[in-house]
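Engineer: Contents of target_19.txt (compact mmCIF, C-alpha atoms and all ligand atoms):
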# COMPACT_ATOMS: atom_id res chain seq x y z
CA MET S 1 0.00 0.00 0.00
CA ASP S 2 1.11 3.54 -0.75
CA PRO S 3 2.47 4.82 2.63
CA SER S 4 0.54 8.11 2.36
CA ALA S 5 -2.66 6.07 2.00
CA ALA S 6 -1.72 4.11 5.11
CA THR S 7 -1.27 7.36 7.07
CA LEU S 8 -4.66 8.57 5.90
CA LEU S 9 -6.30 5.28 6.79
CA HIS S 10 -5.05 5.62 10.31
CA SER S 11 -5.45 9.35 10.74
CA PRO S 12 -7.33 10.38 13.91
CA LEU S 13 -11.09 10.81 13.78
CA PRO S 14 -12.21 14.32 12.75
CA LYS S 15 -13.53 16.28 15.77
CA GLU S 16 -17.10 16.31 14.36
CA LEU S 17 -17.14 12.55 14.88
CA ILE S 18 -16.28 12.75 18.57
CA ASP S 19 -18.71 13.81 21.30
CA GLU S 20 -17.98 15.83 24.46
CA LYS S 21 -17.19 12.65 26.41
CA GLY S 22 -14.73 11.39 23.80
CA GLY S 23 -17.21 8.85 22.36
CA MET S 24 -17.70 8.30 18.64
CA ILE S 25 -20.56 9.77 16.61
CA PHE S 26 -22.01 8.26 13.44
CA ASP S 27 -22.67 11.36 11.35
CA LYS S 28 -23.32 10.02 7.86
CA HIS S 29 -22.85 13.45 6.23
CA VAL S 30 -19.40 13.96 7.77
CA LEU S 31 -18.38 10.32 7.14
CA GLN S 32 -19.38 10.54 3.51
CA GLN S 33 -17.14 13.61 2.97
CA LEU S 34 -14.02 11.78 4.16
CA GLU S 35 -11.64 10.40 1.59
CA HIS S 36 -11.17 7.25 3.67
CA ILE S 37 -13.52 5.79 6.21
CA PRO S 38 -12.10 5.64 9.77
CA LYS S 39 -10.40 2.38 10.71
CA GLU S 40 -13.09 1.78 13.35
CA TYR S 41 -15.44 0.94 10.46
CA HIS S 42 -13.04 -1.55 8.85
CA TRP S 43 -13.91 -5.25 9.02
CA PRO S 44 -11.32 -8.04 8.73
CA SER S 45 -10.78 -9.44 5.24
CA SER S 46 -12.12 -12.84 6.39
CA ASP S 47 -15.56 -11.21 6.93
CA LEU S 48 -15.38 -9.34 3.62
CA VAL S 49 -15.01 -12.37 1.35
CA GLU S 50 -16.56 -11.61 -2.03
CA THR S 51 -20.22 -12.07 -2.81
CA SER S 52 -21.08 -15.01 -5.03
CA GLN S 53 -22.67 -14.49 -8.47
CA GLU S 54 -25.23 -17.11 -7.52
CA GLU S 55 -28.27 -16.12 -5.39
CA LEU S 56 -29.66 -18.00 -2.37
CA ASN S 57 -32.20 -20.46 -3.67
CA GLU S 58 -34.64 -20.01 -0.78
CA PRO S 59 -38.23 -21.16 -1.40
CA LEU S 60 -40.99 -18.65 -2.02
CA ILE S 61 -43.84 -19.72 0.25
CA ASP S 62 -47.45 -18.79 -0.46
CA ILE S 63 -48.42 -18.18 3.17
CA GLY S 64 -51.92 -17.21 1.99
CA VAL S 65 -52.74 -20.93 2.13
CA MET S 66 -52.83 -20.65 5.92
CA MET S 67 -55.79 -18.25 5.61
CA ASN S 68 -57.71 -19.77 2.73
CA GLY S 69 -55.95 -22.85 1.40
CA ASP S 70 -56.83 -26.51 1.42
CA GLU S 71 -54.91 -29.08 3.45
CA VAL S 72 -52.97 -30.31 0.39
CA SER S 73 -51.60 -26.82 -0.36
CA ILE S 74 -50.73 -26.34 3.32
CA ALA S 75 -48.88 -29.68 3.37
CA LYS S 76 -46.93 -28.66 0.24
CA ALA S 77 -45.96 -25.31 1.79
CA ALA S 78 -44.91 -27.10 5.00
CA GLU S 79 -42.67 -29.44 3.04
CA LEU S 80 -40.90 -26.54 1.32
CA VAL S 81 -40.43 -24.85 4.71
CA ARG S 82 -39.10 -28.07 6.24
CA ASP S 83 -36.50 -28.57 3.49
CA ALA S 84 -35.34 -24.95 3.74
CA CYS S 85 -35.15 -25.00 7.55
CA MET S 86 -33.18 -28.23 7.62
CA LYS S 87 -30.68 -26.72 5.15
CA HIS S 88 -30.36 -23.06 6.13
CA GLY S 89 -33.48 -21.59 7.77
CA PHE S 90 -34.26 -18.91 5.16
CA PHE S 91 -37.44 -18.57 3.10
CA GLN S 92 -39.59 -15.74 1.70
CA VAL S 93 -43.34 -15.43 2.12
CA ILE S 94 -45.80 -13.93 -0.36
CA ASN S 95 -49.58 -13.41 -0.14
CA HIS S 96 -48.90 -12.54 3.48
CA GLY S 97 -51.93 -10.29 3.93
CA VAL S 98 -49.89 -7.25 5.02
CA ASP S 99 -51.33 -4.23 3.20
CA GLN S 100 -48.85 -2.93 0.59
CA ASN S 101 -49.90 0.67 1.44
CA LEU S 102 -48.98 0.03 5.07
CA ILE S 103 -45.52 -1.15 3.98
CA THR S 104 -45.12 1.99 1.84
CA GLU S 105 -46.18 4.21 4.76
CA ALA S 106 -43.78 2.36 7.05
CA TYR S 107 -40.89 3.11 4.67
CA GLU S 108 -41.94 6.78 4.55
CA GLY S 109 -41.88 6.86 8.35
CA THR S 110 -38.49 5.13 8.38
CA LYS S 111 -36.98 7.67 5.96
CA HIS S 112 -38.47 10.53 7.93
CA ILE S 113 -36.81 9.32 11.14
CA PHE S 114 -33.38 8.78 9.62
CA ASN S 115 -33.54 12.16 7.83
CA LEU S 116 -34.07 14.00 11.12
CA PRO S 117 -31.16 16.21 12.24
CA LEU S 118 -28.60 14.17 14.16
CA SER S 119 -29.23 16.25 17.30
CA MET S 120 -32.87 15.07 17.31
CA LYS S 121 -31.94 11.46 16.72
CA MET S 122 -29.44 11.70 19.58
CA VAL S 123 -32.21 12.73 21.97
CA ALA S 124 -33.78 9.33 21.28
CA ARG S 125 -30.51 7.43 21.45
CA ASN S 126 -30.31 4.19 23.36
CA VAL S 127 -28.08 3.45 26.30
CA ARG S 128 -25.69 0.57 26.72
CA GLY S 129 -27.44 -2.62 27.69
CA GLU S 130 -30.76 -1.37 26.30
CA LEU S 131 -32.03 -2.05 22.83
CA GLU S 132 -34.68 0.65 22.47
CA GLY S 133 -34.08 3.95 20.73
CA TYR S 134 -31.78 5.39 18.07
CA SER S 135 -28.30 4.06 17.49
CA GLY S 136 -25.64 5.15 14.98
CA ALA S 137 -23.18 2.32 14.24
CA HIS S 138 -23.79 0.92 17.77
CA VAL S 139 -21.00 3.20 19.04
CA GLU S 140 -22.50 2.96 22.53
CA LYS S 141 -21.66 -0.77 22.46
CA PHE S 142 -18.66 -1.30 20.19
CA SER S 143 -15.42 0.51 19.40
CA SER S 144 -14.17 -1.49 16.42
CA LYS S 145 -15.74 -3.36 13.48
CA LEU S 146 -18.50 -0.75 13.64
CA PRO S 147 -21.56 -1.57 11.56
CA TRP S 148 -22.16 1.08 8.86
CA LYS S 149 -25.80 1.69 9.76
CA GLU S 150 -28.29 3.61 11.84
CA THR S 151 -31.10 1.85 13.68
CA PHE S 152 -34.25 2.79 15.55
CA THR S 153 -35.61 0.07 17.84
CA TRP S 154 -38.58 -0.49 20.14
CA ARG S 155 -40.40 -3.38 21.79
CA TYR S 156 -43.92 -4.58 21.09
CA HIS S 157 -45.72 -6.95 23.44
CA HIS S 158 -48.05 -9.45 21.81
CA ASP S 159 -50.42 -9.57 24.78
CA ASP S 160 -50.80 -5.81 25.31
CA GLU S 161 -54.29 -5.01 24.02
CA SER S 162 -53.94 -1.24 24.52
CA GLU S 163 -53.58 -0.49 20.76
CA SER S 164 -51.30 2.42 21.56
CA GLN S 165 -48.06 0.91 22.91
CA VAL S 166 -46.06 1.95 19.82
CA VAL S 167 -47.68 5.40 19.59
CA GLU S 168 -46.80 6.03 23.24
CA TYR S 169 -43.20 4.93 22.67
CA PHE S 170 -42.78 7.14 19.58
CA LYS S 171 -44.23 10.17 21.39
CA SER S 172 -42.02 9.65 24.42
CA ALA S 173 -38.83 9.02 22.43
CA LEU S 174 -39.27 11.50 19.56
CA GLY S 175 -42.02 13.96 20.55
CA GLU S 176 -45.79 14.51 20.30
CA GLU S 177 -45.57 15.16 16.55
CA PHE S 178 -44.64 11.49 16.02
CA GLN S 179 -48.16 10.33 16.85
CA HIS S 180 -48.95 9.65 13.17
CA ILE S 181 -45.78 7.65 12.42
CA GLY S 182 -46.33 5.84 15.71
CA LEU S 183 -49.80 4.83 14.51
CA VAL S 184 -48.37 3.50 11.24
CA PHE S 185 -45.93 1.31 13.18
CA GLU S 186 -48.63 0.29 15.67
CA ARG S 187 -50.49 -1.18 12.67
CA TYR S 188 -47.29 -2.60 11.24
CA CYS S 189 -46.40 -4.42 14.49
CA LYS S 190 -49.92 -5.84 14.74
CA ALA S 191 -49.59 -7.12 11.16
CA MET S 192 -46.21 -8.67 12.05
CA LYS S 193 -47.83 -10.43 15.01
CA GLU S 194 -50.50 -11.98 12.75
CA LEU S 195 -47.89 -12.99 10.17
CA CYS S 196 -45.55 -14.44 12.77
CA LEU S 197 -48.33 -16.53 14.33
CA MET S 198 -49.26 -17.89 10.90
CA ILE S 199 -45.63 -18.81 10.25
CA MET S 200 -45.44 -20.47 13.68
CA GLU S 201 -48.39 -22.65 12.69
CA LEU S 202 -46.71 -23.62 9.43
CA LEU S 203 -43.44 -24.36 11.24
CA ALA S 204 -45.30 -26.66 13.65
CA ILE S 205 -46.94 -28.53 10.76
CA SER S 206 -43.55 -28.80 9.04
CA LEU S 207 -42.06 -30.38 12.19
CA GLY S 208 -45.02 -32.72 12.67
CA VAL S 209 -45.88 -31.33 16.11
CA ASP S 210 -49.27 -30.09 17.38
CA ARG S 211 -50.28 -27.42 14.87
CA LEU S 212 -50.97 -24.82 17.54
CA HIS S 213 -47.92 -25.55 19.69
CA TYR S 214 -45.66 -22.65 18.63
CA ARG S 215 -48.55 -20.31 17.87
CA ASN S 216 -49.76 -20.63 21.46
CA TYR S 217 -46.22 -20.40 22.79
CA PHE S 218 -45.68 -17.00 21.10
CA LEU S 219 -49.12 -15.52 21.90
CA ASP S 220 -47.63 -13.72 24.91
CA GLY S 221 -44.26 -13.17 23.24
CA GLU S 222 -42.75 -9.89 22.12
CA GLN S 223 -41.17 -8.25 19.12
CA THR S 224 -37.97 -6.25 19.02
CA MET S 225 -38.87 -4.07 16.08
CA ARG S 226 -36.02 -2.32 14.28
CA LEU S 227 -35.77 0.15 11.41
CA ASN S 228 -32.43 0.12 9.57
CA SER S 229 -30.76 2.67 7.33
CA TYR S 230 -27.54 1.73 5.54
CA PRO S 231 -26.09 4.93 4.02
CA PRO S 232 -23.97 4.58 0.86
CA CYS S 233 -20.20 4.32 1.29
CA LYS S 234 -17.46 4.95 -1.27
CA GLU S 235 -15.25 2.37 0.43
CA ASN S 236 -18.00 -0.21 0.73
CA HIS S 237 -15.48 -3.00 0.12
CA LEU S 238 -13.93 -2.28 3.57
CA THR S 239 -17.01 -2.21 5.78
CA LEU S 240 -20.30 -4.01 6.49
CA GLY S 241 -23.81 -3.05 7.64
CA ASN S 242 -23.91 -6.19 9.77
CA GLY S 243 -21.00 -8.56 10.21
CA PRO S 244 -21.47 -12.33 9.88
CA HIS S 245 -23.90 -13.52 12.57
CA THR S 246 -26.90 -15.67 13.31
CA ASP S 247 -29.87 -14.00 15.03
CA PRO S 248 -30.13 -15.08 18.69
CA ILE S 249 -33.93 -14.54 18.76
CA SER S 250 -36.60 -17.04 17.60
CA LEU S 251 -37.72 -15.72 14.23
CA THR S 252 -36.87 -12.72 12.05
CA LEU S 253 -39.40 -11.17 9.66
CA LEU S 254 -37.60 -8.72 7.40
CA HIS S 255 -38.82 -6.35 4.73
CA GLN S 256 -36.00 -4.99 2.57
CA ASP S 257 -36.25 -2.29 -0.09
CA HIS S 258 -35.04 -2.76 -3.69
CA VAL S 259 -31.33 -1.95 -3.07
CA GLY S 260 -30.14 -5.38 -1.88
CA GLY S 261 -27.24 -6.24 0.41
CA LEU S 262 -28.44 -9.10 2.62
CA GLU S 263 -26.39 -12.26 2.08
CA ALA S 264 -26.58 -15.77 3.55
CA PHE S 265 -23.57 -18.04 4.02
CA LEU S 266 -24.15 -21.45 2.52
CA ASP S 267 -21.75 -24.06 1.10
CA ASN S 268 -18.85 -21.71 1.78
CA LYS S 269 -20.33 -18.93 -0.37
CA TRP S 270 -21.97 -15.59 0.40
CA LEU S 271 -25.25 -15.74 -1.52
CA PRO S 272 -27.39 -12.60 -2.02
CA VAL S 273 -30.99 -12.79 -0.79
CA ARG S 274 -32.95 -11.22 -3.63
CA PRO S 275 -35.15 -8.23 -2.65
CA ARG S 276 -38.83 -8.81 -3.49
CA PRO S 277 -41.16 -5.90 -2.71
CA ASP S 278 -44.13 -8.27 -2.35
CA ALA S 279 -42.38 -10.61 0.12
CA PHE S 280 -41.01 -10.82 3.65
CA VAL S 281 -37.71 -12.59 4.19
CA ILE S 282 -38.03 -15.03 7.08
CA ASN S 283 -35.06 -16.54 8.87
CA LEU S 284 -34.90 -18.77 11.90
CA GLY S 285 -32.96 -17.55 14.89
CA ASP S 286 -30.93 -19.59 17.38
CA THR S 287 -33.83 -19.77 19.85
CA PHE S 288 -36.05 -21.49 17.29
CA VAL S 289 -33.19 -23.92 16.69
CA ALA S 290 -33.41 -24.75 20.42
CA LEU S 291 -37.23 -24.96 20.20
CA SER S 292 -36.92 -27.50 17.36
CA ASN S 293 -34.35 -29.50 19.37
CA GLY S 294 -31.71 -28.71 16.74
CA ARG S 295 -33.65 -30.16 13.80
CA TYR S 296 -33.78 -26.76 12.12
CA LYS S 297 -30.89 -24.39 11.43
CA SER S 298 -30.18 -20.70 11.85
CA CYS S 299 -28.02 -19.48 9.00
CA MET S 300 -25.11 -17.08 9.23
CA HIS S 301 -25.80 -13.87 7.29
CA ARG S 302 -24.32 -10.40 6.79
CA THR S 303 -25.27 -7.10 5.14
CA ARG S 304 -23.17 -5.40 2.48
CA ILE S 305 -23.23 -1.66 1.88
CA ASN S 306 -24.01 -0.08 -1.47
CA LYS S 307 -21.62 2.43 -3.07
CA GLU S 308 -24.34 4.76 -4.38
CA ASN S 309 -27.66 4.05 -2.72
CA GLU S 310 -28.92 4.27 0.82
CA ARG S 311 -30.68 1.03 1.74
CA PHE S 312 -33.60 0.71 4.16
CA SER S 313 -34.99 -2.38 5.82
CA MET S 314 -37.40 -3.15 8.67
CA THR S 315 -36.69 -6.09 10.95
CA CYS S 316 -39.11 -7.69 13.33
CA PHE S 317 -37.27 -9.98 15.75
CA VAL S 318 -39.74 -12.32 17.46
CA ASN S 319 -38.97 -13.49 20.99
CA SER S 320 -40.78 -15.63 23.49
CA ARG S 321 -41.99 -13.96 26.71
CA VAL S 322 -38.79 -13.02 28.53
CA ASP S 323 -39.30 -15.46 31.43
CA LYS S 324 -40.77 -18.41 29.53
CA ILE S 325 -38.69 -21.59 29.40
CA VAL S 326 -37.24 -22.34 25.97
CA ARG S 327 -37.83 -26.07 25.55
CA PRO S 328 -38.83 -28.11 22.47
CA PRO S 329 -42.21 -29.91 22.41
CA GLU S 330 -41.97 -33.39 23.92
CA THR S 331 -42.49 -35.16 20.61
CA LEU S 332 -39.15 -33.76 19.39
CA PHE S 333 -37.02 -35.53 21.96
CA GLY S 334 -36.86 -38.92 23.61
CA GLU S 335 -34.61 -41.93 24.03
CA ASP S 336 -33.44 -41.93 20.39
CA GLU S 337 -33.12 -38.18 20.22
CA PRO S 338 -31.78 -36.58 23.40
CA ARG S 339 -32.24 -32.89 24.24
CA LYS S 340 -29.71 -30.90 22.25
CA TYR S 341 -29.71 -27.82 24.51
CA PRO S 342 -30.54 -27.20 28.17
CA ASP S 343 -33.55 -25.08 29.19
CA TYR S 344 -33.06 -21.32 29.27
CA VAL S 345 -35.14 -18.14 29.21
CA TRP S 346 -34.94 -15.50 26.47
CA SER S 347 -34.06 -12.67 28.89
CA ASP S 348 -30.82 -14.50 29.81
CA LEU S 349 -29.76 -14.96 26.20
CA GLU S 350 -30.72 -11.37 25.42
CA ASN S 351 -28.67 -10.01 28.32
CA PHE S 352 -25.78 -12.21 27.29
CA THR S 353 -25.81 -10.82 23.72
CA GLN S 354 -26.20 -7.25 24.97
CA LEU S 355 -23.58 -7.26 27.71
CA HIS S 356 -21.16 -10.15 27.33
CA HIS S 357 -21.03 -11.45 23.77
CA ARG S 358 -20.96 -9.83 20.35
CA VAL S 359 -23.23 -11.94 18.15
CA ASP S 360 -21.48 -14.24 15.68
CA ALA S 361 -22.09 -17.73 14.33
CA ALA S 362 -21.83 -19.52 17.70
CA ASN S 363 -24.21 -17.63 19.98
CA LEU S 364 -25.82 -20.63 21.70
CA GLU S 365 -22.52 -22.48 22.28
CA SER S 366 -20.94 -19.36 23.81
CA PHE S 367 -24.06 -18.71 25.91
CA PHE S 368 -24.12 -22.20 27.46
CA GLN S 369 -20.38 -22.11 28.03
CA TRP S 370 -20.77 -18.75 29.79
CA ILE S 371 -23.59 -20.15 31.98
CA ARG S 372 -21.43 -23.16 32.89
CA SER S 373 -18.41 -21.03 33.73
CA SER S 374 -20.40 -18.48 35.77
CA LYS S 375 -21.99 -21.36 37.75
CA SER S 376 -18.60 -22.97 38.44
CA SER S 377 -17.07 -19.66 39.59
CA ASN S 378 -19.86 -19.15 42.18
C1 LIG D 401 -30.93 -9.54 21.00
C2 LIG D 401 -30.62 -8.83 19.97
C3 LIG D 401 -29.19 -8.47 19.62
C4 LIG D 401 -29.36 -7.78 18.32
C5 LIG D 401 -30.70 -7.13 18.44
C6 LIG D 401 -31.55 -8.23 19.01
C7 LIG D 401 -31.83 -9.21 17.86
C8 LIG D 401 -30.67 -9.43 16.89
C9 LIG D 401 -29.31 -8.88 17.23
C10 LIG D 401 -28.45 -8.25 16.11
C11 LIG D 401 -29.33 -7.36 15.25
C12 LIG D 401 -27.80 -9.17 15.15
C13 LIG D 401 -26.80 -8.38 14.27
C14 LIG D 401 -25.75 -7.70 15.06
C15 LIG D 401 -26.29 -6.75 16.15
C16 LIG D 401 -25.22 -6.34 17.08
C17 LIG D 401 -26.63 -5.49 15.42
O1 LIG D 401 -25.75 -5.02 14.67
O2 LIG D 401 -27.66 -4.87 15.55
C18 LIG D 401 -27.42 -7.45 16.94
C19 LIG D 401 -28.36 -6.73 17.85
C20 LIG D 401 -27.86 -5.80 18.90
O3 LIG D 401 -27.14 -6.17 19.82
O4 LIG D 401 -28.29 -4.65 18.80
O1 LIG D 402 -31.10 -5.33 7.06
C1 LIG D 402 -30.95 -6.50 6.76
O2 LIG D 402 -31.02 -6.88 5.61
C2 LIG D 402 -30.64 -7.57 7.77
C3 LIG D 402 -30.33 -7.10 9.15
C4 LIG D 402 -29.92 -8.19 10.08
O3 LIG D 402 -29.43 -9.23 9.70
C5 LIG D 402 -30.15 -7.99 11.50
O4 LIG D 402 -30.48 -6.86 11.90
O5 LIG D 402 -29.98 -8.97 12.26
FE FE D 403 -29.54 -10.73 11.38
Written as structure tokens, that's how I'd like the structure from this file.
Ligand SMILES: C=C1C[C@]23C[C@H]1CC[C@H]2[C@]1(C)CCC[C@@](C)(C(=O)O)[C@H]1[C@@H]3C(=O)O
Ligand SMILES: O=C(O)CCC(=O)C(=O)O
Ligand SMILES: [Fe+2]

Structural biologist:
Amino acid sequence: MDPSAATLLHSPLPKELIDEKGGMIFDKHVLQQLEHIPKEYHWPSSDLVETSQEELNEPLIDIGVMMNGDEVSIAKAAELVRDACMKHGFFQVINHGVDQNLITEAYEGTKHIFNLPLSMKMVARNVRGELEGYSGAHVEKFSSKLPWKETFTWRYHHDDESESQVVEYFKSALGEEFQHIGLVFERYCKAMKELCLMIMELLAISLGVDRLHYRNYFLDGEQTMRLNSYPPCKENHLTLGNGPHTDPISLTLLHQDHVGGLEAFLDNKWLPVRPRPDAFVINLGDTFVALSNGRYKSCMHRTRINKENERFSMTCFVNSRVDKIVRPPETLFGEDEPRKYPDYVWSDLENFTQLHHRVDAANLESFFQWIRSSKSSN
């Protein structure tokens, strides 16, 4: 490398990117003016391995059959889901019943939030150990391998009938004038709940367990809802929006815009997950792997950044109620098939990923090891 380039790569952060306490600030306008992105945003070359030409061949599931299909169509959909979940845990669903206008309004709300002045977003910023609120590059949590993204996160409880939990959160975090956007996301979260429960039913059928088992299990669950903005980056070959990881939660329901960037790791290749405006991308998280007694997989994935276009996506992470035991249905274990993982509760895994472990491809293994070592040190 040209030595002057090396000096620039390692030059100190400009003062606009440092706050009064010496912490880092993700200001996309300042970052985009720099000739080289700060080294804090660099990822190791092993995580930046090139994207394959081939796309992920995930099945497209007509989830509409769960609302108005016959048993034969449901069985066919369940078989496609089963094959995908045994291989990698990714599929896309169409005919999902979520109003396309609601999705459009949700993207408008998302853009509005990320276009707010940084000072306003900072008022709603989250604090270490908490997931809710605004975050730029997760600087409150990490100091290297920073993800090139901004997020806005809140929680939605499936059993809260108040119809205004999201509106109240938006008003308290961003101000009274966010009532309307809050209402849009109130409707969006409700739609995600319906969709997630339908998928839970299909997953149960695919595993041959009581059809209502997972649906009932998640009725009092919660969503960690997250809006993502991935600003363009001239040096997109050096950084990532999300590094390689599996999701620790149970199920992820993602809507991505047309830009693309999500990739799944399969057969030693990084395969793009094609954006489809009419579909939701569904991927199993580690906790569903535990709930299926290891029959199904959670797949490692990452997010690449685009050179020219800002990318937006909306993720709904589905969790079981924080204090509910994570244990597979009894028909999935027995003498021939022992339990693959011990019991745990979601709040423990969540705290572990927030405070002790940066998510990667071995979240469950690290979590159980941590539990064992903290027990033996007491
Ligand atoms: C428990 C969680 C940790 C993360 C948010 C929820 C669900 C998924 C996790 C995450 C999104 C996976 C990618 C990496 C991560 C650090 C992120 O970049 O956002 C993860 C989340 C987090 O800790 O904020
Ligand atoms: O935005 C995306 O495409 C995926 C984000 C993701 O993997 C995550 O937030 O866990
Ligand atoms: Fe993810």

Engineer: Ligand FE 403 (chain D): which residues are within 8 Å, counting all atoms listed in the file? Reply as a ChimeraX atom specification.

Structural biologist: /S:242,245-247,252,301-302

Engineer: With a distance cut-off of 8 Å and only C-alpha atoms, select the neighbouring residues of Arg295 (chain S), excluding the residue or stretch itself and same-chain residues fewer than 3 positions from it, and output the selection as number ranges by chain.

Structural biologist: S: 86, 289, 292

Engineer: Show me, as a short mmCIF file (atom, residue, chain, number, x, y, z; two decimals) with C-alpha atoms, keeping the file's coordinate frame, the residues that have an atom within 12 Å of Glu337 (chain S) when counting only C-alpha atoms, minus same-chain residues fewer than 6 positions from it.

Structural biologist:
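Final output, part-v6.cif:
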data_model
loop_
_atom_site.label_atom_id
_atom_site.label_comp_id
_atom_site.auth_asym_id
_atom_site.auth_seq_id
_atom_site.Cartn_x
_atom_site.Cartn_y
_atom_site.Cartn_z
CA SER S 292 -36.92 -27.50 17.36
CA ASN S 293 -34.35 -29.50 19.37
CA GLY S 294 -31.71 -28.71 16.74
CA ARG S 295 -33.65 -30.16 13.80
CA PRO S 328 -38.83 -28.11 22.47
CA GLU S 330 -41.97 -33.39 23.92
CA THR S 331 -42.49 -35.16 20.61
#

Engineer: Could you please determine the separation between CA of Tyr214 (chain S) and CA of Leu197 (chain S) in Å, to one decimal place?

Structural biologist: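 Rounded to one decimal, the two atoms are 7.9 Å apart.
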
Engineer: I need the residue nearest Glu108 (chain S) from this list: S:Gly334, S:Ala204, S:Val345, S:Met314. Use only C-alpha atoms for the distance.

Structural biologist: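 Nearest candidate to Glu108 (chain S) out of S:Gly334, S:Ala204, S:Val345, S:Met314: S:Met314.
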
Engineer: Taking into account only C-alpha atoms, which residue in the set S:Glu140, S:Glu55, S:Glu350, S:Asp210 is nearest to Asn363 (chain S)?

Structural biologist: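 Going through S:Glu140, S:Glu55, S:Glu350, S:Asp210 one by one, the smallest distance to Asn363 (chain S) is for S:Glu350.
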
Engineer: Can you tell me how far CA of Phe312 (chain S) sits from CA of Glu16 (chain S), in Å to one decimal?

Structural biologist: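 Separation of CA of Phe312 (chain S) and CA of Glu16 (chain S): 24.9 Å.
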
Engineer: Tell me, as a ChimeraX atom specification, which residues lie within 10 Å of region 43-54 of chain S, counting only C-alpha atoms; anything in the same chain fewer than 2 positions away does not count.

Structural biologist: /S:39-41,56-57,144-147,236-240,243-244,261,263-265,268-273,302,304

Engineer: Write the residues of the preceding selection, restricted to C-alpha atoms, as a short mmCIF file (atom, residue, chain, number, x, y, z; two decimals), in the coordinates of the input.

Structural biologist:
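The resulting file, again_13.cif, is reproduced below:
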data_model
loop_
_atom_site.label_atom_id
_atom_site.label_comp_id
_atom_site.auth_asym_id
_atom_site.auth_seq_id
_atom_site.Cartn_x
_atom_site.Cartn_y
_atom_site.Cartn_z
CA LYS S 39 -10.40 2.38 10.71
CA GLU S 40 -13.09 1.78 13.35
CA TYR S 41 -15.44 0.94 10.46
CA LEU S 56 -29.66 -18.00 -2.37
CA ASN S 57 -32.20 -20.46 -3.67
CA SER S 144 -14.17 -1.49 16.42
CA LYS S 145 -15.74 -3.36 13.48
CA LEU S 146 -18.50 -0.75 13.64
CA PRO S 147 -21.56 -1.57 11.56
CA ASN S 236 -18.00 -0.21 0.73
CA HIS S 237 -15.48 -3.00 0.12
CA LEU S 238 -13.93 -2.28 3.57
CA THR S 239 -17.01 -2.21 5.78
CA LEU S 240 -20.30 -4.01 6.49
CA GLY S 243 -21.00 -8.56 10.21
CA PRO S 244 -21.47 -12.33 9.88
CA GLY S 261 -27.24 -6.24 0.41
CA GLU S 263 -26.39 -12.26 2.08
CA ALA S 264 -26.58 -15.77 3.55
CA PHE S 265 -23.57 -18.04 4.02
CA ASN S 268 -18.85 -21.71 1.78
CA LYS S 269 -20.33 -18.93 -0.37
CA TRP S 270 -21.97 -15.59 0.40
CA LEU S 271 -25.25 -15.74 -1.52
CA PRO S 272 -27.39 -12.60 -2.02
CA VAL S 273 -30.99 -12.79 -0.79
CA ARG S 302 -24.32 -10.40 6.79
CA ARG S 304 -23.17 -5.40 2.48
#

Engineer: Which of these residues is nearest to ligand LIG 402 (chain D), using all atoms listed in the file: S:Val166, S:Arg211, S:Trp148, S:Asp267?

Structural biologist: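 Under the stated criterion, the closest residue is S:Trp148.
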
Engineer: Mind listing the residues within 10 Å of ligand LIG 401 (chain D), only C-alpha atoms and all ligand atoms counted, as an MDAnalysis selection string?

Structural biologist: chainID S and resid 128:132 135 137:138 141:142 146:151 153 223:226 228 240:252 285 301:303 315:319 346:347 349:355 357:360

Engineer: Can you measure CA of Tyr169 (chain S) to CA of Glu105 (chain S) for me? One decimal in Å is fine.

Structural biologist: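 About the pair CA of Tyr169 (chain S) and CA of Glu105 (chain S): they are 18.2 Å apart.
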
Engineer: Give as a PDB file with C-alpha atoms, keeping the file's coordinate frame each residue that has an atom at most 8 Å from (-33.3, 8.5, 13.8) in the file, counting all atoms listed in the file.

Structural biologist:
ATOM      1  CA  ILE S 113     -36.810   9.320  11.140  1.00  0.00           C
ATOM      2  CA  PHE S 114     -33.380   8.780   9.620  1.00  0.00           C
ATOM      3  CA  ASN S 115     -33.540  12.160   7.830  1.00  0.00           C
ATOM      4  CA  LEU S 116     -34.070  14.000  11.120  1.00  0.00           C
ATOM      5  CA  LEU S 118     -28.600  14.170  14.160  1.00  0.00           C
ATOM      6  CA  MET S 120     -32.870  15.070  17.310  1.00  0.00           C
ATOM      7  CA  LYS S 121     -31.940  11.460  16.720  1.00  0.00           C
ATOM      8  CA  MET S 122     -29.440  11.700  19.580  1.00  0.00           C
ATOM      9  CA  ALA S 124     -33.780   9.330  21.280  1.00  0.00           C
ATOM     10  CA  TYR S 134     -31.780   5.390  18.070  1.00  0.00           C
ATOM     11  CA  SER S 135     -28.300   4.060  17.490  1.00  0.00           C
ATOM     12  CA  GLU S 150     -28.290   3.610  11.840  1.00  0.00           C
ATOM     13  CA  THR S 151     -31.100   1.850  13.680  1.00  0.00           C
ATOM     14  CA  PHE S 152     -34.250   2.790  15.550  1.00  0.00           C
TER      15      PHE S 152
END

Engineer: Using only C-alpha atoms and all ligand atoms, find the one residue out of S:His180, S:Lys193, S:His258, S:Lys28 that sits nearest to ligand LIG 402 (chain D).

Structural biologist: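 Comparing S:His180, S:Lys193, S:His258, S:Lys28 against ligand LIG 402 (chain D), the winner is S:His258.
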
Engineer: Let me make sure I understand: among S:Asp323, S:Glu35, S:Asp343, S:Asp257, which one has the smallest atom-to-atom distance to ligand LIG 402 (chain D) if we use only C-alpha atoms and all ligand atoms?

Structural biologist: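 The closest residue to ligand LIG 402 (chain D) is S:Asp257.
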